[in-house]
Amino acid sequence: MGKRIGILTGGGDVPGLNSVIKGVVYRATSQDWRVTGIRLGWKGLTHLDMTSGASVDLYTQGLDRENTRTIDRFGGTMLHSSRTNPIKMKKLPPHLEGRTFAKKTSLDKEGVEVTTYDVTPAVLENLAALEIDYLVAIGGDDTLSYAAHLDRQGVKVVCIPKTMDNDVRNTEY
């Protein structure tokens, strides 16, 4: 087998996501590449505990022509989505508690102090454990901002803009 592609959808649910997933899977498999779907967007890569088979089953799914053949007939995303941003985690998943991550303290809209964690090291570990060569991130401003952060960390990322808020620049056409 060739390379392995990971694919995830983040942010709000909009029409056409399943068509994009199917297109990526069909093109990748025509090159004899494997595709791993990451369920629940960035949450899938922050909450994935590779030591737990149940966690792997919950947050990942092998994608092929058979299980994506008809998904374009349905709205939304078969991989589900979340609004998780690994740089802005307010609470660590149980399997990451006790680990040290970079943190930032700021004030929220009401002036309450909030601490957030950057769990990028855990995301990078999970991508390596899944043997992901390229990551396809489908999302809006927040999803793609984190994808750009991963790119700066050396991850090979392909971004597909998806926005209902028109907040991703240069996507008018």
# chains A, B, ... in the order shown; residues from 1 in each chain; ligands from 1
>>> residues_around(residues="segment 22-37 of chain A", least_positions_apart="3", cutoff="9 Å", atoms="only C-alpha atoms", output="PyMOL selection string")
chain A and resi 1-8+17-19+59-65+68-72+79+130+132+136
>>> write_last_selection(atoms="C-alpha atoms", output="mmCIF file, in the first residue's frame")
data_model
loop_
_atom_site.group_PDB
_atom_site.id
_atom_site.type_symbol
_atom_site.label_atom_id
_atom_site.label_comp_id
_atom_site.auth_asym_id
_atom_site.auth_seq_id
_atom_site.Cartn_x
_atom_site.Cartn_y
_atom_site.Cartn_z
ATOM 1 C CA MET A 1 0.000 0.000 0.000
ATOM 2 C CA GLY A 2 1.026 3.577 -0.644
ATOM 3 C CA LYS A 3 0.685 6.644 1.506
ATOM 4 C CA ARG A 4 -1.912 7.183 4.201
ATOM 5 C CA ILE A 5 -4.233 10.183 4.240
ATOM 6 C CA GLY A 6 -6.162 11.345 7.292
ATOM 7 C CA ILE A 7 -9.310 13.395 6.733
ATOM 8 C CA LEU A 8 -11.427 15.370 9.195
ATOM 9 C CA LEU A 17 -19.061 17.664 3.165
ATOM 10 C CA ASN A 18 -19.799 14.030 2.334
ATOM 11 C CA SER A 19 -19.196 14.747 -1.351
ATOM 12 C CA TYR A 59 -12.359 8.391 16.833
ATOM 13 C CA THR A 60 -11.079 6.740 13.649
ATOM 14 C CA GLN A 61 -12.614 4.921 10.697
ATOM 15 C CA GLY A 62 -10.979 3.360 7.673
ATOM 16 C CA LEU A 63 -12.523 4.833 4.538
ATOM 17 C CA ASP A 64 -12.747 3.099 1.185
ATOM 18 C CA ARG A 65 -14.905 3.091 -1.927
ATOM 19 C CA THR A 68 -18.243 6.000 0.974
ATOM 20 C CA ARG A 69 -20.061 4.943 -2.215
ATOM 21 C CA THR A 70 -23.415 6.493 -1.300
ATOM 22 C CA ILE A 71 -22.487 9.131 1.286
ATOM 23 C CA ASP A 72 -22.845 11.972 -1.225
ATOM 24 C CA LEU A 79 -17.281 11.793 10.134
ATOM 25 C CA LEU A 130 -1.870 6.527 12.870
ATOM 26 C CA ILE A 132 -0.735 9.715 8.598
ATOM 27 C CA VAL A 136 -6.930 16.811 4.813
#
>>> select_by_dssp(residues="segment 2-172 of chain A", states="strand (DSSP E or B)", output="mmCIF file with N, CA and C atoms, in the first residue's frame")
data_model
loop_
_atom_site.group_PDB
_atom_site.id
_atom_site.type_symbol
_atom_site.label_atom_id
_atom_site.label_comp_id
_atom_site.auth_asym_id
_atom_site.auth_seq_id
_atom_site.Cartn_x
_atom_site.Cartn_y
_atom_site.Cartn_z
ATOM 1 N N ARG A 4 -0.681 7.169 3.414
ATOM 2 C CA ARG A 4 -1.912 7.183 4.201
ATOM 3 C C ARG A 4 -2.351 8.616 4.391
ATOM 4 N N ILE A 5 -3.624 8.873 4.089
ATOM 5 C CA ILE A 5 -4.233 10.183 4.240
ATOM 6 C C ILE A 5 -5.196 10.136 5.416
ATOM 7 N N GLY A 6 -5.149 11.147 6.263
ATOM 8 C CA GLY A 6 -6.162 11.345 7.292
ATOM 9 C C GLY A 6 -7.086 12.451 6.816
ATOM 10 N N ILE A 7 -8.359 12.361 7.136
ATOM 11 C CA ILE A 7 -9.310 13.395 6.733
ATOM 12 C C ILE A 7 -10.245 13.685 7.901
ATOM 13 N N LEU A 8 -10.514 14.976 8.124
ATOM 14 C CA LEU A 8 -11.427 15.370 9.195
ATOM 15 C C LEU A 8 -12.252 16.573 8.763
ATOM 16 N N THR A 9 -13.398 16.725 9.406
ATOM 17 C CA THR A 9 -14.259 17.884 9.177
ATOM 18 C C THR A 9 -14.457 18.585 10.509
ATOM 19 N N ARG A 34 -4.213 4.652 1.382
ATOM 20 C CA ARG A 34 -5.204 4.354 2.420
ATOM 21 C C ARG A 34 -5.730 5.658 3.006
ATOM 22 N N VAL A 35 -6.993 5.647 3.402
ATOM 23 C CA VAL A 35 -7.599 6.844 3.990
ATOM 24 C C VAL A 35 -8.162 6.482 5.355
ATOM 25 N N THR A 36 -7.807 7.292 6.341
ATOM 26 C CA THR A 36 -8.338 7.146 7.690
ATOM 27 C C THR A 36 -9.189 8.364 8.001
ATOM 28 N N GLY A 37 -10.444 8.145 8.291
ATOM 29 C CA GLY A 37 -11.321 9.227 8.715
ATOM 30 C C GLY A 37 -11.109 9.497 10.194
ATOM 31 N N ILE A 38 -10.989 10.761 10.538
ATOM 32 C CA ILE A 38 -10.872 11.169 11.942
ATOM 33 C C ILE A 38 -12.237 11.705 12.344
ATOM 34 N N THR A 60 -11.623 6.960 14.986
ATOM 35 C CA THR A 60 -11.079 6.740 13.649
ATOM 36 C C THR A 60 -11.950 5.749 12.876
ATOM 37 N N GLN A 61 -11.881 5.850 11.553
ATOM 38 C CA GLN A 61 -12.614 4.921 10.697
ATOM 39 C C GLN A 61 -11.869 4.797 9.376
ATOM 40 N N GLY A 62 -11.561 3.586 8.989
ATOM 41 C CA GLY A 62 -10.979 3.360 7.673
ATOM 42 C C GLY A 62 -12.014 3.701 6.613
ATOM 43 N N LEU A 63 -11.609 4.443 5.609
ATOM 44 C CA LEU A 63 -12.523 4.833 4.538
ATOM 45 C C LEU A 63 -12.068 4.211 3.231
ATOM 46 N N MET A 89 -7.778 24.326 24.333
ATOM 47 C CA MET A 89 -8.492 23.328 25.138
ATOM 48 C C MET A 89 -8.692 23.856 26.558
ATOM 49 N N ALA A 102 1.701 23.484 27.197
ATOM 50 C CA ALA A 102 1.752 24.946 27.252
ATOM 51 C C ALA A 102 0.349 25.447 27.562
ATOM 52 N N LYS A 103 0.284 26.471 28.418
ATOM 53 C CA LYS A 103 -1.033 27.010 28.749
ATOM 54 C C LYS A 103 -1.018 28.520 28.677
ATOM 55 N N LYS A 104 -2.215 29.041 28.504
ATOM 56 C CA LYS A 104 -2.390 30.480 28.363
ATOM 57 C C LYS A 104 -3.585 30.880 29.238
ATOM 58 N N THR A 105 -3.435 31.990 29.931
ATOM 59 C CA THR A 105 -4.523 32.507 30.753
ATOM 60 C C THR A 105 -4.997 33.814 30.140
ATOM 61 N N SER A 106 -6.319 33.932 30.017
ATOM 62 C CA SER A 106 -6.907 35.150 29.449
ATOM 63 C C SER A 106 -8.256 35.388 30.116
ATOM 64 N N LEU A 107 -8.873 36.504 29.775
ATOM 65 C CA LEU A 107 -10.195 36.829 30.298
ATOM 66 C C LEU A 107 -11.245 36.546 29.236
ATOM 67 N N GLU A 113 -11.336 34.847 34.406
ATOM 68 C CA GLU A 113 -10.065 34.287 33.967
ATOM 69 C C GLU A 113 -10.248 32.846 33.492
ATOM 70 N N VAL A 114 -9.721 32.553 32.305
ATOM 71 C CA VAL A 114 -9.836 31.222 31.700
ATOM 72 C C VAL A 114 -8.440 30.745 31.307
ATOM 73 N N THR A 115 -8.144 29.492 31.636
ATOM 74 C CA THR A 115 -6.876 28.889 31.244
ATOM 75 C C THR A 115 -7.141 27.906 30.112
ATOM 76 N N THR A 116 -6.342 28.005 29.052
ATOM 77 C CA THR A 116 -6.455 27.068 27.940
ATOM 78 C C THR A 116 -5.111 26.384 27.723
ATOM 79 N N TYR A 117 -5.173 25.171 27.192
ATOM 80 C CA TYR A 117 -3.984 24.357 26.969
ATOM 81 C C TYR A 117 -3.767 24.139 25.479
ATOM 82 N N ASP A 118 -2.519 24.049 25.086
ATOM 83 C CA ASP A 118 -2.147 23.708 23.713
ATOM 84 C C ASP A 118 -1.702 22.252 23.718
ATOM 85 N N TYR A 134 -0.383 12.571 5.106
ATOM 86 C CA TYR A 134 -1.010 13.839 4.718
ATOM 87 C C TYR A 134 -2.335 13.946 5.451
ATOM 88 N N LEU A 135 -2.641 15.135 5.923
ATOM 89 C CA LEU A 135 -3.902 15.369 6.618
ATOM 90 C C LEU A 135 -4.748 16.337 5.805
ATOM 91 N N VAL A 136 -5.982 15.948 5.509
ATOM 92 C CA VAL A 136 -6.930 16.811 4.813
ATOM 93 C C VAL A 136 -7.881 17.361 5.870
ATOM 94 N N ALA A 137 -7.861 18.680 6.045
ATOM 95 C CA ALA A 137 -8.732 19.348 7.017
ATOM 96 C C ALA A 137 -9.782 20.138 6.246
ATOM 97 N N ILE A 138 -11.042 19.841 6.502
ATOM 98 C CA ILE A 138 -12.148 20.526 5.852
ATOM 99 C C ILE A 138 -12.837 21.355 6.925
ATOM 100 N N GLY A 139 -12.824 22.677 6.764
ATOM 101 C CA GLY A 139 -13.441 23.493 7.800
ATOM 102 C C GLY A 139 -13.366 24.969 7.499
ATOM 103 N N VAL A 157 -0.324 19.245 5.327
ATOM 104 C CA VAL A 157 -1.762 19.485 5.457
ATOM 105 C C VAL A 157 -2.328 20.026 4.149
ATOM 106 N N VAL A 158 -3.476 19.497 3.769
ATOM 107 C CA VAL A 158 -4.251 20.043 2.661
ATOM 108 C C VAL A 158 -5.521 20.609 3.276
ATOM 109 N N CYS A 159 -5.792 21.884 3.024
ATOM 110 C CA CYS A 159 -6.975 22.527 3.606
ATOM 111 C C CYS A 159 -8.043 22.717 2.543
ATOM 112 N N ILE A 160 -9.256 22.345 2.893
ATOM 113 C CA ILE A 160 -10.399 22.575 2.020
ATOM 114 C C ILE A 160 -11.340 23.500 2.781
ATOM 115 N N PRO A 161 -11.495 24.740 2.285
ATOM 116 C CA PRO A 161 -12.330 25.700 3.009
ATOM 117 C C PRO A 161 -13.805 25.342 2.955
#
>>> atom_distance(atom1="atom CA of Gly98 of chain A", atom2="atom CA of Leu150 of chain A")
23.4 Å
>>> select_by_dssp(residues="segment 2-37 of chain A", states="alpha helix (DSSP H)", output="number ranges by chain")
A: 17-30
>>> write_last_selection(atoms="N, CA and C atoms", output="CSV table (one decimal), in the first residue's frame")
chain,number,residue,atom,x,y,z
A,17,LEU,N,-20.2,18.2,2.5
A,17,LEU,CA,-19.1,17.7,3.2
A,17,LEU,C,-18.9,16.2,2.8
A,18,ASN,N,-19.9,15.4,2.7
A,18,ASN,CA,-19.8,14.0,2.3
A,18,ASN,C,-19.3,13.9,0.9
A,19,SER,N,-19.7,14.8,0.0
A,19,SER,CA,-19.2,14.7,-1.4
A,19,SER,C,-17.7,15.0,-1.4
A,20,VAL,N,-17.2,15.9,-0.6
A,20,VAL,CA,-15.7,16.1,-0.5
A,20,VAL,C,-15.0,14.9,0.0
A,21,ILE,N,-15.6,14.3,1.1
A,21,ILE,CA,-15.0,13.1,1.7
A,21,ILE,C,-14.9,12.0,0.6
A,22,LYS,N,-16.0,11.8,-0.1
A,22,LYS,CA,-16.0,10.8,-1.1
A,22,LYS,C,-15.0,11.1,-2.2
A,23,GLY,N,-14.9,12.3,-2.6
A,23,GLY,CA,-13.9,12.7,-3.7
A,23,GLY,C,-12.5,12.4,-3.3
A,24,VAL,N,-12.2,12.7,-2.0
A,24,VAL,CA,-10.8,12.5,-1.5
A,24,VAL,C,-10.6,11.0,-1.5
A,25,VAL,N,-11.5,10.2,-1.0
A,25,VAL,CA,-11.4,8.7,-0.8
A,25,VAL,C,-11.2,8.1,-2.2
A,26,TYR,N,-12.0,8.5,-3.2
A,26,TYR,CA,-12.0,7.9,-4.5
A,26,TYR,C,-10.6,8.2,-5.2
A,27,ARG,N,-10.2,9.5,-5.1
A,27,ARG,CA,-8.9,9.8,-5.7
A,27,ARG,C,-7.7,9.1,-5.0
A,28,ALA,N,-7.8,9.1,-3.7
A,28,ALA,CA,-6.7,8.4,-2.9
A,28,ALA,C,-6.6,6.9,-3.2
A,29,THR,N,-7.8,6.3,-3.2
A,29,THR,CA,-7.7,4.8,-3.4
A,29,THR,C,-7.4,4.5,-4.9
A,30,SER,N,-7.6,5.4,-5.8
A,30,SER,CA,-7.2,5.2,-7.2
A,30,SER,C,-5.7,5.2,-7.3
